[in-house]
$ cat model_2.csv   # CSV, N, CA and C atoms and all ligand atoms
chain,number,residue,atom,x,y,z
A,144,MET,N,0.8,-1.2,0.0
A,144,MET,CA,0.0,0.0,0.0
A,144,MET,C,0.9,1.2,0.0
A,145,MET,N,0.6,2.2,-0.9
A,145,MET,CA,1.3,3.5,-1.0
A,145,MET,C,0.5,4.5,-0.3
A,146,ILE,N,1.2,5.2,0.6
A,146,ILE,CA,0.5,6.3,1.4
A,146,ILE,C,1.2,7.6,1.1
A,147,PRO,N,0.5,8.7,0.7
A,147,PRO,CA,1.1,10.0,0.5
A,147,PRO,C,1.5,10.6,1.8
A,148,VAL,N,2.7,11.2,1.9
A,148,VAL,CA,3.2,11.8,3.1
A,148,VAL,C,3.0,13.3,3.1
A,149,CYS,N,3.8,14.0,2.2
A,149,CYS,CA,3.8,15.4,2.0
A,149,CYS,C,4.6,15.7,0.8
A,150,ARG,N,4.6,17.0,0.4
A,150,ARG,CA,5.5,17.4,-0.7
A,150,ARG,C,6.9,17.4,-0.2
A,151,LEU,N,7.8,17.0,-1.1
A,151,LEU,CA,9.2,16.9,-0.8
A,151,LEU,C,9.7,18.3,-0.3
A,152,ALA,N,9.2,19.4,-1.0
A,152,ALA,CA,9.6,20.7,-0.7
A,152,ALA,C,9.2,21.2,0.7
A,153,ASP,N,8.2,20.4,1.3
A,153,ASP,CA,7.7,20.8,2.6
A,153,ASP,C,8.4,20.0,3.8
A,154,LEU,N,9.4,19.2,3.4
A,154,LEU,CA,10.1,18.4,4.4
A,154,LEU,C,11.6,18.7,4.3
A,155,PRO,N,12.1,19.8,4.9
A,155,PRO,CA,13.5,20.2,4.8
A,155,PRO,C,14.5,19.1,5.3
A,156,ARG,N,15.7,19.2,4.8
A,156,ARG,CA,16.7,18.3,5.3
A,156,ARG,C,16.9,18.4,6.8
A,157,GLY,N,17.1,17.3,7.4
A,157,GLY,CA,17.3,17.3,8.9
A,157,GLY,C,15.9,17.2,9.6
A,158,GLU,N,14.8,17.1,8.9
A,158,GLU,CA,13.5,17.1,9.5
A,158,GLU,C,12.9,15.7,9.4
A,159,VAL,N,11.8,15.5,10.1
A,159,VAL,CA,11.1,14.2,10.1
A,159,VAL,C,9.6,14.5,10.1
A,160,PHE,N,8.9,13.7,9.4
A,160,PHE,CA,7.4,13.8,9.3
A,160,PHE,C,6.8,12.5,9.9
A,161,ARG,N,6.0,12.6,10.9
A,161,ARG,CA,5.4,11.4,11.5
A,161,ARG,C,4.0,11.2,11.0
A,162,LEU,N,3.8,10.0,10.4
A,162,LEU,CA,2.5,9.6,9.9
A,162,LEU,C,1.7,8.9,11.0
A,163,ASP,N,0.6,9.4,11.3
A,163,ASP,CA,-0.2,8.9,12.4
A,163,ASP,C,-1.0,7.7,12.0
A,164,LEU,N,-0.3,6.6,11.7
A,164,LEU,CA,-0.9,5.3,11.4
A,164,LEU,C,-0.9,4.6,12.7
A,165,ASP,N,-1.4,3.4,12.7
A,165,ASP,CA,-1.4,2.6,14.0
A,165,ASP,C,-0.8,1.2,13.6
A,166,PRO,N,0.5,1.0,13.9
A,166,PRO,CA,1.4,1.9,14.5
A,166,PRO,C,2.0,3.0,13.6
A,167,PRO,N,2.4,4.1,14.1
A,167,PRO,CA,2.9,5.2,13.3
A,167,PRO,C,4.2,4.9,12.5
A,168,VAL,N,4.4,5.7,11.5
A,168,VAL,CA,5.6,5.5,10.6
A,168,VAL,C,6.2,6.9,10.5
A,169,SER,N,7.5,7.0,10.5
A,169,SER,CA,8.2,8.3,10.4
A,169,SER,C,9.1,8.3,9.2
A,170,VAL,N,9.1,9.5,8.5
A,170,VAL,CA,9.9,9.7,7.3
A,170,VAL,C,10.9,10.7,7.6
A,171,PHE,N,12.2,10.3,7.4
A,171,PHE,CA,13.3,11.2,7.7
A,171,PHE,C,14.0,11.7,6.5
A,172,HIS,N,14.3,13.0,6.4
A,172,HIS,CA,15.0,13.6,5.3
A,172,HIS,C,16.4,14.0,5.9
A,173,THR,N,17.4,13.3,5.5
A,173,THR,CA,18.7,13.5,6.2
A,173,THR,C,19.4,14.8,5.7
A,174,ASP,N,20.4,15.2,6.4
A,174,ASP,CA,21.2,16.3,5.9
A,174,ASP,C,21.8,16.1,4.6
A,175,ASP,N,22.0,14.8,4.2
A,175,ASP,CA,22.6,14.5,2.9
A,175,ASP,C,21.6,14.4,1.8
A,176,GLY,N,20.3,14.7,2.1
A,176,GLY,CA,19.2,14.7,1.1
A,176,GLY,C,18.6,13.3,0.9
A,177,GLU,N,18.9,12.3,1.7
A,177,GLU,CA,18.3,11.0,1.5
A,177,GLU,C,17.0,10.9,2.3
A,178,LEU,N,16.1,10.1,1.8
A,178,LEU,CA,14.8,9.9,2.5
A,178,LEU,C,14.7,8.5,3.0
A,179,PHE,N,14.2,8.3,4.2
A,179,PHE,CA,14.0,7.0,4.8
A,179,PHE,C,12.7,6.9,5.6
A,180,ALA,N,12.1,5.8,5.6
A,180,ALA,CA,10.9,5.6,6.4
A,180,ALA,C,11.1,4.3,7.3
A,181,ILE,N,10.7,4.5,8.5
A,181,ILE,CA,10.8,3.4,9.5
A,181,ILE,C,9.6,3.4,10.4
A,182,ASP,N,9.3,2.3,11.0
A,182,ASP,CA,8.3,2.3,12.1
A,182,ASP,C,8.7,3.3,13.1
A,183,ASP,N,7.8,4.2,13.6
A,183,ASP,CA,8.2,5.3,14.5
A,183,ASP,C,8.5,4.8,15.9
A,184,THR,N,8.0,3.6,16.3
A,184,THR,CA,8.1,3.2,17.7
A,184,THR,C,9.4,2.4,17.9
A,185,CYS,N,10.1,2.8,18.9
A,185,CYS,CA,11.4,2.1,19.2
A,185,CYS,C,11.0,0.6,19.6
A,186,THR,N,11.9,-0.3,19.3
A,186,THR,CA,11.6,-1.7,19.6
A,186,THR,C,11.9,-2.1,21.1
A,187,HIS,N,12.4,-1.1,21.8
A,187,HIS,CA,12.6,-1.4,23.2
A,187,HIS,C,11.4,-1.0,24.1
A,188,GLN,N,10.9,0.2,24.0
A,188,GLN,CA,9.8,0.6,24.7
A,188,GLN,C,9.0,1.6,23.9
A,189,ASP,N,7.9,2.2,24.4
A,189,ASP,CA,7.0,3.0,23.6
A,189,ASP,C,7.6,4.4,23.5
A,190,ALA,N,8.6,4.6,22.7
A,190,ALA,CA,9.1,5.9,22.4
A,190,ALA,C,9.0,6.2,20.9
A,191,SER,N,8.8,7.5,20.6
A,191,SER,CA,8.7,7.9,19.2
A,191,SER,C,10.1,8.3,18.7
A,192,LEU,N,10.5,7.6,17.7
A,192,LEU,CA,11.8,7.9,17.1
A,192,LEU,C,11.8,9.2,16.4
A,193,ALA,N,10.6,9.7,16.0
A,193,ALA,CA,10.5,11.0,15.4
A,193,ALA,C,11.0,12.1,16.4
A,194,ASP,N,10.9,11.8,17.7
A,194,ASP,CA,11.4,12.7,18.7
A,194,ASP,C,12.9,12.5,19.0
A,195,GLY,N,13.5,11.6,18.3
A,195,GLY,CA,14.9,11.3,18.6
A,195,GLY,C,15.9,12.3,17.8
A,196,TRP,N,17.1,11.9,17.8
A,196,TRP,CA,18.2,12.8,17.2
A,196,TRP,C,18.7,12.1,15.9
A,197,LEU,N,18.5,12.9,14.8
A,197,LEU,CA,19.0,12.4,13.5
A,197,LEU,C,20.5,12.7,13.4
A,198,GLU,N,21.3,11.6,13.2
A,198,GLU,CA,22.7,11.8,13.0
A,198,GLU,C,23.1,11.0,11.8
A,199,GLY,N,23.4,11.7,10.7
A,199,GLY,CA,23.7,11.0,9.4
A,199,GLY,C,22.5,10.2,9.0
A,200,SER,N,22.7,8.9,8.8
A,200,SER,CA,21.6,8.1,8.4
A,200,SER,C,21.2,7.2,9.5
A,201,ALA,N,21.3,7.7,10.7
A,201,ALA,CA,20.8,7.0,11.9
A,201,ALA,C,20.0,7.9,12.8
A,202,VAL,N,19.1,7.3,13.6
A,202,VAL,CA,18.3,8.1,14.5
A,202,VAL,C,18.5,7.5,15.9
A,203,GLU,N,18.8,8.3,16.9
A,203,GLU,CA,19.0,7.9,18.2
A,203,GLU,C,17.7,8.0,19.0
A,204,CYS,N,17.3,7.0,19.7
A,204,CYS,CA,16.0,7.0,20.5
A,204,CYS,C,16.1,8.0,21.6
A,205,PRO,N,15.0,8.8,21.8
A,205,PRO,CA,15.1,9.9,22.8
A,205,PRO,C,15.0,9.3,24.2
A,206,LEU,N,14.6,8.1,24.4
A,206,LEU,CA,14.4,7.6,25.8
A,206,LEU,C,15.7,7.0,26.3
A,207,HIS,N,16.4,6.0,25.6
A,207,HIS,CA,17.5,5.4,26.2
A,207,HIS,C,18.7,5.3,25.2
A,208,ALA,N,18.6,6.0,24.1
A,208,ALA,CA,19.8,6.3,23.3
A,208,ALA,C,20.2,5.2,22.4
A,209,SER,N,19.5,4.1,22.2
A,209,SER,CA,19.9,3.1,21.2
A,209,SER,C,19.7,3.8,19.9
A,210,ALA,N,20.6,3.5,18.9
A,210,ALA,CA,20.5,4.2,17.6
A,210,ALA,C,20.1,3.2,16.5
A,211,PHE,N,19.2,3.6,15.6
A,211,PHE,CA,18.8,2.7,14.5
A,211,PHE,C,19.3,3.2,13.2
A,212,ASP,N,19.8,2.3,12.4
A,212,ASP,CA,20.3,2.7,11.0
A,212,ASP,C,19.0,2.8,10.1
A,213,LEU,N,18.8,4.0,9.6
A,213,LEU,CA,17.6,4.2,8.8
A,213,LEU,C,17.6,3.4,7.5
A,214,ARG,N,18.8,3.0,7.0
A,214,ARG,CA,18.8,2.2,5.8
A,214,ARG,C,18.3,0.8,6.0
A,215,THR,N,18.7,0.2,7.1
A,215,THR,CA,18.4,-1.2,7.3
A,215,THR,C,17.5,-1.5,8.5
A,216,GLY,N,17.4,-0.5,9.4
A,216,GLY,CA,16.6,-0.7,10.6
A,216,GLY,C,17.5,-1.3,11.8
A,217,ALA,N,18.7,-1.7,11.5
A,217,ALA,CA,19.5,-2.3,12.5
A,217,ALA,C,19.8,-1.4,13.7
A,218,VAL,N,19.9,-2.0,14.9
A,218,VAL,CA,20.1,-1.2,16.1
A,218,VAL,C,21.6,-1.4,16.5
A,219,ASP,N,22.2,-0.3,17.0
A,219,ASP,CA,23.6,-0.3,17.3
A,219,ASP,C,24.0,-1.0,18.6
A,220,GLY,N,23.0,-1.1,19.5
A,220,GLY,CA,23.2,-1.8,20.8
A,220,GLY,C,22.1,-1.5,21.8
A,221,PRO,N,22.2,-2.2,23.0
A,221,PRO,CA,21.2,-2.1,24.0
A,221,PRO,C,21.0,-0.7,24.5
A,222,PRO,N,19.8,-0.5,25.1
A,222,PRO,CA,18.9,-1.5,25.5
A,222,PRO,C,18.0,-2.1,24.4
A,223,ALA,N,17.8,-1.4,23.3
A,223,ALA,CA,17.0,-2.0,22.2
A,223,ALA,C,17.9,-3.2,21.6
A,224,ARG,N,17.2,-4.3,21.3
A,224,ARG,CA,18.0,-5.4,20.8
A,224,ARG,C,17.5,-5.8,19.4
A,225,ARG,N,16.3,-5.4,19.0
A,225,ARG,CA,15.7,-5.8,17.7
A,225,ARG,C,15.7,-4.7,16.8
A,226,PRO,N,15.8,-4.9,15.5
A,226,PRO,CA,15.8,-3.9,14.5
A,226,PRO,C,14.4,-3.3,14.4
A,227,VAL,N,14.3,-2.1,13.8
A,227,VAL,CA,13.0,-1.5,13.5
A,227,VAL,C,12.7,-1.8,12.1
A,228,ARG,N,11.4,-1.9,11.8
A,228,ARG,CA,11.0,-2.2,10.4
A,228,ARG,C,11.2,-1.0,9.5
A,229,THR,N,11.7,-1.2,8.3
A,229,THR,CA,11.9,-0.1,7.3
A,229,THR,C,10.8,-0.2,6.2
A,230,HIS,N,10.6,0.9,5.6
A,230,HIS,CA,9.6,1.0,4.5
A,230,HIS,C,10.2,1.7,3.3
A,231,GLU,N,9.7,1.4,2.1
A,231,GLU,CA,10.2,2.0,0.9
A,231,GLU,C,9.6,3.4,0.7
A,232,ILE,N,10.5,4.3,0.2
A,232,ILE,CA,10.1,5.7,-0.1
A,232,ILE,C,10.0,5.8,-1.7
A,233,VAL,N,8.9,6.4,-2.1
A,233,VAL,CA,8.8,6.7,-3.6
A,233,VAL,C,8.4,8.2,-3.7
A,234,VAL,N,9.1,8.9,-4.5
A,234,VAL,CA,8.7,10.3,-4.8
A,234,VAL,C,8.0,10.4,-6.1
A,235,VAL,N,6.8,10.8,-6.2
A,235,VAL,CA,6.0,10.9,-7.4
A,235,VAL,C,5.5,12.4,-7.6
A,236,ASP,N,6.0,13.0,-8.7
A,236,ASP,CA,5.6,14.4,-8.9
A,236,ASP,C,5.8,15.3,-7.7
A,237,GLY,N,7.0,15.1,-7.1
A,237,GLY,CA,7.3,16.0,-6.0
A,237,GLY,C,6.6,15.7,-4.6
A,238,VAL,N,5.9,14.6,-4.6
A,238,VAL,CA,5.2,14.2,-3.4
A,238,VAL,C,5.8,12.9,-2.8
A,239,ILE,N,6.2,12.9,-1.6
A,239,ILE,CA,6.8,11.7,-0.9
A,239,ILE,C,5.6,10.7,-0.6
A,240,HIS,N,5.9,9.4,-1.0
A,240,HIS,CA,5.0,8.4,-0.6
A,240,HIS,C,5.7,7.3,0.1
A,241,VAL,N,5.0,6.6,1.0
A,241,VAL,CA,5.6,5.4,1.7
A,241,VAL,C,4.9,4.2,1.2
A,242,ARG,N,5.7,3.2,0.8
A,242,ARG,CA,5.1,1.9,0.5
A,242,ARG,C,5.4,1.0,1.7
A,243,LEU,N,4.3,0.7,2.4
A,243,LEU,CA,4.4,0.0,3.7
A,243,LEU,C,5.0,-1.4,3.5
A,244,SER,N,5.9,-1.8,4.3
A,244,SER,CA,6.5,-3.1,4.3
A,244,SER,C,5.4,-4.1,4.7
A,245,THR,N,5.5,-5.3,4.1
A,245,THR,CA,4.6,-6.4,4.5
A,245,THR,C,5.3,-7.3,5.6
A,246,ALA,N,6.5,-7.0,5.9
A,246,ALA,CA,7.2,-7.7,7.0
A,246,ALA,C,6.5,-7.6,8.3
A,247,ALA,N,6.7,-8.5,9.2
A,247,ALA,CA,6.1,-8.5,10.5
A,247,ALA,C,6.6,-7.3,11.3
A,248,ARG,N,5.7,-6.6,12.0
A,248,ARG,CA,6.1,-5.5,12.8
A,248,ARG,C,6.9,-6.0,14.0
A,249,ASP,N,7.9,-5.3,14.5
A,249,ASP,CA,8.6,-5.7,15.7
A,249,ASP,C,8.5,-4.5,16.7
A,250,LEU,N,7.4,-4.6,17.5
A,250,LEU,CA,7.0,-3.6,18.4
A,250,LEU,C,7.3,-4.1,19.8
A,251,PRO,N,7.5,-3.1,20.8
A,251,PRO,CA,7.7,-3.6,22.2
A,251,PRO,C,6.3,-4.1,22.6
A,252,PRO,N,6.3,-5.0,23.6
A,252,PRO,CA,5.1,-5.7,24.1
A,252,PRO,C,4.0,-4.8,24.4
A,253,CYS,N,4.3,-3.6,25.1
A,253,CYS,CA,3.2,-2.7,25.5
A,253,CYS,C,2.5,-2.2,24.3
A,254,VAL,N,3.2,-1.9,23.2
A,254,VAL,CA,2.5,-1.4,22.0
A,254,VAL,C,1.8,-2.4,21.2
A,255,THR,N,2.4,-3.6,21.2
A,255,THR,CA,1.7,-4.8,20.5
A,255,THR,C,0.3,-5.0,21.1
A,256,VAL,N,0.2,-4.9,22.4
A,256,VAL,CA,-1.1,-5.1,23.1
A,256,VAL,C,-2.1,-4.0,22.7
A,257,ARG,N,-1.6,-2.8,22.6
A,257,ARG,CA,-2.5,-1.6,22.3
A,257,ARG,C,-2.9,-1.7,20.8
A,258,VAL,N,-2.0,-2.1,19.9
A,258,VAL,CA,-2.4,-2.2,18.5
A,258,VAL,C,-3.4,-3.3,18.3
A,259,ALA,N,-3.3,-4.3,19.1
A,259,ALA,CA,-4.2,-5.5,19.0
A,259,ALA,C,-5.6,-5.2,19.6
A,260,GLY,N,-5.7,-4.0,20.2
A,260,GLY,CA,-7.0,-3.6,20.8
A,260,GLY,C,-7.1,-3.8,22.3
A,261,GLY,N,-6.0,-4.2,22.9
A,261,GLY,CA,-6.0,-4.4,24.4
A,261,GLY,C,-5.8,-3.1,25.1
A,262,PRO,N,-5.5,-3.2,26.4
A,262,PRO,CA,-5.4,-2.0,27.3
A,262,PRO,C,-4.3,-1.1,26.8
A,263,ALA,N,-4.4,0.2,27.0
A,263,ALA,CA,-3.4,1.1,26.6
A,263,ALA,C,-2.3,1.2,27.6
A,301,LIG,S1,12.8,3.2,24.4
A,301,LIG,FE1,14.3,3.3,22.8
A,301,LIG,S2,16.1,2.6,23.6
A,301,LIG,FE2,14.6,2.4,25.2

$ encode --input "model_2.csv" --output "structure tokens"
Amino acid sequence: MMIPVCRLADLPRGEVFRLDLDPPVSVFHTDDGELFAIDDTCTHQDASLADGWLEGSAVECPLHASAFDLRTGAVDGPPARRPVRTHEIVVVDGVIHVRLSTAARDLPPCVTVRVAGGPA
């Protein structure tokens, strides 16, 4: 499924756009001009990676500082242990779109329960 995000011109380098899906997806525009999309929720606990720090092609979680490679989703070290899911970016006529991955989501247990309709 392709989801329109915003115009490329409206997402400056170094900025992030958070798509309010359930679970949310974030689109990062790096200082080098690359675009990446990943699940917004850290795989350790319920933290928004859009609120983290973008460093090159990695984002550092705002809660406990594990960093995720935006190209692969790989994590650099604990406390997060599992990679974050990545999504494909397509730019059509100047509009950024995300093609959602069909891979299994890897969310922390508290978020998995919420997405499944359980207690918040
Ligand atoms: S919530 Fe992201 S590293 Fe802990």

$ residues_near_ligand --input "model_2.csv" --ligand "ligand LIG 301 (chain A)" --cutoff "9 Å" --atoms "only C-alpha atoms and all ligand atoms" --output "PDB file with N, CA and C atoms, in the frame of the given file"
ATOM      1  N   THR A 184       8.000   3.600  16.300  1.00  0.00           N
ATOM      2  CA  THR A 184       8.100   3.200  17.700  1.00  0.00           C
ATOM      3  C   THR A 184       9.400   2.400  17.900  1.00  0.00           C
ATOM      4  N   CYS A 185      10.100   2.800  18.900  1.00  0.00           N
ATOM      5  CA  CYS A 185      11.400   2.100  19.200  1.00  0.00           C
ATOM      6  C   CYS A 185      11.000   0.600  19.600  1.00  0.00           C
ATOM      7  N   THR A 186      11.900  -0.300  19.300  1.00  0.00           N
ATOM      8  CA  THR A 186      11.600  -1.700  19.600  1.00  0.00           C
ATOM      9  C   THR A 186      11.900  -2.100  21.100  1.00  0.00           C
ATOM     10  N   HIS A 187      12.400  -1.100  21.800  1.00  0.00           N
ATOM     11  CA  HIS A 187      12.600  -1.400  23.200  1.00  0.00           C
ATOM     12  C   HIS A 187      11.400  -1.000  24.100  1.00  0.00           C
ATOM     13  N   GLN A 188      10.900   0.200  24.000  1.00  0.00           N
ATOM     14  CA  GLN A 188       9.800   0.600  24.700  1.00  0.00           C
ATOM     15  C   GLN A 188       9.000   1.600  23.900  1.00  0.00           C
ATOM     16  N   ASP A 189       7.900   2.200  24.400  1.00  0.00           N
ATOM     17  CA  ASP A 189       7.000   3.000  23.600  1.00  0.00           C
ATOM     18  C   ASP A 189       7.600   4.400  23.500  1.00  0.00           C
ATOM     19  N   ALA A 190       8.600   4.600  22.700  1.00  0.00           N
ATOM     20  CA  ALA A 190       9.100   5.900  22.400  1.00  0.00           C
ATOM     21  C   ALA A 190       9.000   6.200  20.900  1.00  0.00           C
ATOM     22  N   SER A 191       8.800   7.500  20.600  1.00  0.00           N
ATOM     23  CA  SER A 191       8.700   7.900  19.200  1.00  0.00           C
ATOM     24  C   SER A 191      10.100   8.300  18.700  1.00  0.00           C
ATOM     25  N   LEU A 192      10.500   7.600  17.700  1.00  0.00           N
ATOM     26  CA  LEU A 192      11.800   7.900  17.100  1.00  0.00           C
ATOM     27  C   LEU A 192      11.800   9.200  16.400  1.00  0.00           C
ATOM     28  N   GLU A 203      18.800   8.300  16.900  1.00  0.00           N
ATOM     29  CA  GLU A 203      19.000   7.900  18.200  1.00  0.00           C
ATOM     30  C   GLU A 203      17.700   8.000  19.000  1.00  0.00           C
ATOM     31  N   CYS A 204      17.300   7.000  19.700  1.00  0.00           N
ATOM     32  CA  CYS A 204      16.000   7.000  20.500  1.00  0.00           C
ATOM     33  C   CYS A 204      16.100   8.000  21.600  1.00  0.00           C
ATOM     34  N   PRO A 205      15.000   8.800  21.800  1.00  0.00           N
ATOM     35  CA  PRO A 205      15.100   9.900  22.800  1.00  0.00           C
ATOM     36  C   PRO A 205      15.000   9.300  24.200  1.00  0.00           C
ATOM     37  N   LEU A 206      14.600   8.100  24.400  1.00  0.00           N
ATOM     38  CA  LEU A 206      14.400   7.600  25.800  1.00  0.00           C
ATOM     39  C   LEU A 206      15.700   7.000  26.300  1.00  0.00           C
ATOM     40  N   HIS A 207      16.400   6.000  25.600  1.00  0.00           N
ATOM     41  CA  HIS A 207      17.500   5.400  26.200  1.00  0.00           C
ATOM     42  C   HIS A 207      18.700   5.300  25.200  1.00  0.00           C
ATOM     43  N   ALA A 208      18.600   6.000  24.100  1.00  0.00           N
ATOM     44  CA  ALA A 208      19.800   6.300  23.300  1.00  0.00           C
ATOM     45  C   ALA A 208      20.200   5.200  22.400  1.00  0.00           C
ATOM     46  N   SER A 209      19.500   4.100  22.200  1.00  0.00           N
ATOM     47  CA  SER A 209      19.900   3.100  21.200  1.00  0.00           C
ATOM     48  C   SER A 209      19.700   3.800  19.900  1.00  0.00           C
ATOM     49  N   ALA A 210      20.600   3.500  18.900  1.00  0.00           N
ATOM     50  CA  ALA A 210      20.500   4.200  17.600  1.00  0.00           C
ATOM     51  C   ALA A 210      20.100   3.200  16.500  1.00  0.00           C
ATOM     52  N   GLY A 220      23.000  -1.100  19.500  1.00  0.00           N
ATOM     53  CA  GLY A 220      23.200  -1.800  20.800  1.00  0.00           C
ATOM     54  C   GLY A 220      22.100  -1.500  21.800  1.00  0.00           C
ATOM     55  N   PRO A 221      22.200  -2.200  23.000  1.00  0.00           N
ATOM     56  CA  PRO A 221      21.200  -2.100  24.000  1.00  0.00           C
ATOM     57  C   PRO A 221      21.000  -0.700  24.500  1.00  0.00           C
ATOM     58  N   PRO A 222      19.800  -0.500  25.100  1.00  0.00           N
ATOM     59  CA  PRO A 222      18.900  -1.500  25.500  1.00  0.00           C
ATOM     60  C   PRO A 222      18.000  -2.100  24.400  1.00  0.00           C
ATOM     61  N   ALA A 223      17.800  -1.400  23.300  1.00  0.00           N
ATOM     62  CA  ALA A 223      17.000  -2.000  22.200  1.00  0.00           C
ATOM     63  C   ALA A 223      17.900  -3.200  21.600  1.00  0.00           C
ATOM     64  N   ARG A 224      17.200  -4.300  21.300  1.00  0.00           N
ATOM     65  CA  ARG A 224      18.000  -5.400  20.800  1.00  0.00           C
ATOM     66  C   ARG A 224      17.500  -5.800  19.400  1.00  0.00           C
ATOM     67  N   PRO A 251       7.500  -3.100  20.800  1.00  0.00           N
ATOM     68  CA  PRO A 251       7.700  -3.600  22.200  1.00  0.00           C
ATOM     69  C   PRO A 251       6.300  -4.100  22.600  1.00  0.00           C
TER      70      PRO A 251
END

$ select_by_dssp --input "model_2.csv" --residues "range 201-256 of chain A" --states "helix (DSSP H, G or I)" --output "list in words"
Pro252, Cys253, Val254, Thr255 and Val256 of chain A

$ write_last_selection --input "model_2.csv" --atoms "N, CA and C atoms" --output "PDB file, keeping the file's coordinate frame"
ATOM      1  N   PRO A 252       6.300  -5.000  23.600  1.00  0.00           N
ATOM      2  CA  PRO A 252       5.100  -5.700  24.100  1.00  0.00           C
ATOM      3  C   PRO A 252       4.000  -4.800  24.400  1.00  0.00           C
ATOM      4  N   CYS A 253       4.300  -3.600  25.100  1.00  0.00           N
ATOM      5  CA  CYS A 253       3.200  -2.700  25.500  1.00  0.00           C
ATOM      6  C   CYS A 253       2.500  -2.200  24.300  1.00  0.00           C
ATOM      7  N   VAL A 254       3.200  -1.900  23.200  1.00  0.00           N
ATOM      8  CA  VAL A 254       2.500  -1.400  22.000  1.00  0.00           C
ATOM      9  C   VAL A 254       1.800  -2.400  21.200  1.00  0.00           C
ATOM     10  N   THR A 255       2.400  -3.600  21.200  1.00  0.00           N
ATOM     11  CA  THR A 255       1.700  -4.800  20.500  1.00  0.00           C
ATOM     12  C   THR A 255       0.300  -5.000  21.100  1.00  0.00           C
ATOM     13  N   VAL A 256       0.200  -4.900  22.400  1.00  0.00           N
ATOM     14  CA  VAL A 256      -1.100  -5.100  23.100  1.00  0.00           C
ATOM     15  C   VAL A 256      -2.100  -4.000  22.700  1.00  0.00           C
TER      16      VAL A 256
END

$ closest_residue --input "model_2.csv" --among "A:Ile181, A:Ala247, A:Ala201, A:Cys253" --to "His230 in chain A" --atoms "only C-alpha atoms"
A:Ile181

$ atom_distance --input "model_2.csv" --atom1 "atom N of Ser200 in chain A" --atom2 "atom C of Pro252 in chain A"
27.9 Å

$ atom_distance --input "model_2.csv" --atom1 "CA of Leu178 in chain A" --atom2 "CA of Ile232 in chain A"
6.8 Å

$ atom_distance --input "model_2.csv" --atom1 "atom C of Ala193 in chain A" --atom2 "CA of Val233 in chain A"
20.8 Å

$ residues_near_point --input "model_2.csv" --point "(9.4, 12.4, 10.2)" --cutoff "7 Å" --atoms "all atoms listed in the file" --output "number ranges by chain"
A: 158-162, 168-172, 193

$ closest_residue --input "model_2.csv" --among "A:Glu231, A:Asp219, A:Asp153, A:Glu198" --to "Phe179 in chain A" --atoms "only N, CA and C atoms"
A:Glu231

$ residues_around --input "model_2.csv" --residues "Thr229 in chain A" --least-positions-apart "5" --cutoff "6 Å" --atoms "only N, CA and C atoms" --output "ChimeraX atom specification"
/A:180-182,215-216,244

$ closest_residue --input "model_2.csv" --among "A:Gly157, A:Trp196, A:Gly237, A:Cys149" --to "Asp174 in chain A" --atoms "only C-alpha atoms"
A:Gly157

$ select_by_dssp --input "model_2.csv" --residues "range 147-202 of chain A" --states "strand (DSSP E)" --output "ChimeraX atom specification"
/A:147-150,158-162,168-172,178-182,196-198,201-202

$ closest_residue --input "model_2.csv" --among "A:Val148, A:Leu164, A:Gly195, A:Pro155" --to "Val241 in chain A" --atoms "all atoms listed in the file"
A:Val148
